[in-house]
Amino acid sequence: MSDHGDSIVPFNPAELRSGDPSCKADITVLGVDPSNKEELKDIKKPYEGAKLLQDEHNKDTKLSPFQPRPPSLPKPVGLGMGVKNISFDEKVRGRRLRNSQESLTDPGETGSSTDSLKEDTSSNGQGLASGHPLDLPPVETPSFRIRTDSFSETDNEHSDPNKERLKPSRIILSPLQPTGTYPPLGNSAASTSLRTTNRIDRDCLDYSAVGRRGRSERLQRNLSDSRLLDTMVSDNASVHSMKSTYSVLNPIRPRDVRNRSFLEGSVLGNGALLGAEELDRYFPERRLGIYVATWNMQGEKGLPYNLDDLLLPTDTDFAQDVYVIGVQEGCADRREWEIRLQETLGPYYVMLYAAAHGVLYLTVFVRRDLIWFCSEVEHATVTTRIISQIKTKGAVGIAFTFFGTSFLFITSHFTSGDSKVYERILDYNKIIEALALPRNLPDTNPYRSTTSDVTTRFDEVFWFGDFNFRLNKARGEVEAILNQVMGADMSPLLQDDQLLKEMKEGSIFKGFQEASIHFPPTYKFDIGCDVYDTTTKQRTPSYTDRILYRNRQADDIKVVKYTSCLSIKTSDHRPVIGMFQVKLRPGRDNIPLGAGQFDRSLYLEGIRRRITRELKKREAAMKNQNNSTVCTIS
């Protein structure tokens with residue numbers, strides 16, 4: 001009902017949402033001739049004002065379908081006429097708040113939304129024409145008064161004073177319920193950008209209170225840089241943090257730079273460069289990946305064109321942290337061999353150390369970001385020949401400490417011959433007694449060391465090479481078994497293996513273990529093919545090339561892979577490779593640190609050759625494209 005008694009059909013948005021066409025009624029003012037366009041033109045003005053106000057309100061609020069509207073709140077203080085210092089903008093905001101919280105309708109549902117407008121435009125504080133004052137304090141809104149005055153004048157011309165006016169009443173709407181389920185929220189109610197700004201990546205938990213409370217939640221690093229991106233983006237906020245100005249490296253606190261003196265040594269392991277905190281940052285599981293390869297090259301001058309199959313087999317997921325390659329009867333140019341290894345491993349690795357004894361070569365490569373945790377490297381050699389000038393049989397060993405774990409790598413070449421088992425045992429005994437290691441490195445467990453066996457003075461020992469132990473079977477029997485069990489269990493052959501027999505009796509390699517063998521014998525092949533010896537000697541296929549390991553603590557070394565590389569056929573021996581996971585222990589800064597030493601000239605030469613090889617491949621590919629022609633039929 002208007003002030004002059006005209007009824008106005010209310011506009012109900014809920015009815016429009018119901019989808020019923022009958023509910024979509026037009027707004028009609030009683031007493032006005034619909035054909036009179038001039039009258040209708042004037043009536044549209046107040047509705048346009050209310051619509052403009054509602055549009056502004058919706059634009060400011062923009063409530064999501066999952067966010068309920070706020071419940072009824074008390075009216076803001078200061079919206080009455082008695083307050084002089086309220087600005088017009090504050091009045092409009094107060095008006096918008098009341099429009100979103102209340103609706104003035106009559107019980108007969110004949111009221112209009114314009115009634116609430118006219119209520120505020122009453123400057124004398126009175127209610128509608130019914131004479132009942134409302135409990136809402138009026139607000140001065142000059143712009144609205146102008147519009148409603150024109151509306152009142154129009155209604156006054158067509159009003160019926162005899163019609164009963166219903167008393168308006170105020171109904172407080174209850175809060176709207178969300179139409180769907182609430183979206184999942186994180187631990188913080190802040191925005192996504194704010195959470196990203198204040199969050200520390202899990203890689204840096206050592207420097208936060210969270211890292212001190214729960215070190216087990218630290219993000220585990222993988223063994224190769226191929227998974228570096230996955231490691232960094234495993235947290236949902238790390239993608240944004242990577243775009244920040246901070247480095248992805250772990251932060252360094254100023255007090256760490258002030259207080260930590262690595263080279264002086266530390267009595268306690270806490271805070272040391274080789275201590276537990278630093279170890280857990282790089283190796284959360286405290287496991288080091290080691291790749292061991294042994295190969296009798298038969299003294300060939302020509303090296304394989306590609307060593308990828310030897311060092312980087314395609315059936316493995318990750319490259320390892322340390323690569324140790326032992327060669328017997330190596331090529332004449334040892335430096336060329338080391339450059340080829342660096343070229344194959346690429347810029348991720350540096351050569352920590354290399355040693356030789358005649359044609360016995362032993363080379364150790366380490367990931368370049370791990371060289372700071374290595375001690376100085378020591379090596380020693382032993383010859384097993386009666387004439388010491390002939391250095392074809394013997395052993396070379398390399399020893400160093402990584403964090404708090406000491407390592408010893410030995411490659412050796414024992415006496416050859418099918419029946420010379422005793423001579424090979426003598427070679428072994430001479431090596432373990434004469435190999436003078438360690439010299440300056442401290443023994444990590446002196447109570448379990450003996451002077452007569454070098455392998456007892458280190459935590460983890462790997463001994464590999466051409467041991468020349470044979471199979472005590474005729475060649476025909478060996479070939480018959482190979483045809484039956486090719487690629488399966490080789491136990492029928494290994495029952496007659498000389499090395500396993502001597503190890504069981506305790507006469508050689510005391511305390512050592514070997515992984516299960518599931519590959520064919522690696523000796524002796526015709527060069528360039530997969531056929532065993534076809535010469536007049538008809539040598540019996542045998543497992544001469546082996547990798548053995550020994551540890552001080554049980555289960556320190558876990559075997560990941562033990563196989564042979566059948567694709568390299570430039571020698572009568574096939575290379576044997578082994579992948580291991582070795583347990584690490586924290587150490588102290590009381591050892592002679594290597595301070596990042598490596599062969600710099602070899603590194604640069606290997607990278608230069610790698611780049612040159614890639615450029616040649618591109619040039620050859622471009623040349624093939626330019627030489628290609630398309631045949632056409634005229």
# chains A, B, ... in the order shown; residues from 1 in each chain; ligands from 1
>>> residues_around(residues="region 412-428 of chain A", least_positions_apart="6", cutoff="8 Å", atoms="only C-alpha atoms", output="PyMOL selection string")
chain A and resi 328+360+384+392-396+463-470+498+507-509
>>> select_by_dssp(residues="region 301-513 of chain A", states="alpha helix (DSSP H)", output="ChimeraX atom specification")
/A:308-311,334-345,421-434,475-485,491-494,498-505
>>> residues_around(residues="region 368-372 of chain A", least_positions_apart="2", cutoff="9 Å", atoms="only C-alpha atoms", output="list in words")
Leu273, Tyr282, Asp321, Pro347, Tyr348, Tyr349, Val350, Met351, Leu352, Phe365, Val366, Cys374, Ser375, Phe402, Leu593, Gly594, Ala595, Gly596, Gln597 and Phe598 of chain A
>>> write_last_selection(atoms="C-alpha atoms", output="CSV table (one decimal), in the first residue's frame")
chain,number,residue,atom,x,y,z
A,273,LEU,CA,79.7,-29.8,9.0
A,282,TYR,CA,71.1,-34.1,2.4
A,321,ASP,CA,75.6,-40.5,-5.7
A,347,PRO,CA,78.5,-32.0,-15.4
A,348,TYR,CA,76.6,-33.5,-12.4
A,349,TYR,CA,79.7,-35.4,-11.3
A,350,VAL,CA,83.3,-34.6,-10.6
A,351,MET,CA,86.3,-37.0,-10.3
A,352,LEU,CA,87.1,-37.2,-6.6
A,365,PHE,CA,83.3,-39.9,-9.2
A,366,VAL,CA,81.0,-38.1,-6.7
A,374,CYS,CA,84.4,-36.0,1.8
A,375,SER,CA,87.7,-36.3,3.6
A,402,PHE,CA,82.1,-39.5,3.9
A,593,LEU,CA,88.7,-32.6,5.0
A,594,GLY,CA,89.1,-32.6,1.3
A,595,ALA,CA,87.6,-29.1,1.1
A,596,GLY,CA,86.0,-29.7,-2.3
A,597,GLN,CA,89.1,-30.9,-4.1
A,598,PHE,CA,88.6,-32.6,-7.5
>>> closest_residue(among="A:Arg613, A:Lys558, A:Arg457, A:Arg539", to="Asp572 (chain A)", atoms="only C-alpha atoms")
A:Arg539
>>> residues_around(residues="region 339-344 of chain A", least_positions_apart="2", cutoff="10 Å", atoms="only C-alpha atoms", output="count of residues only")
36
>>> closest_residue(among="A:Asn472, A:Asp530, A:Ile431, A:Asp333", to="Arg385 (chain A)", atoms="only C-alpha atoms")
A:Ile431
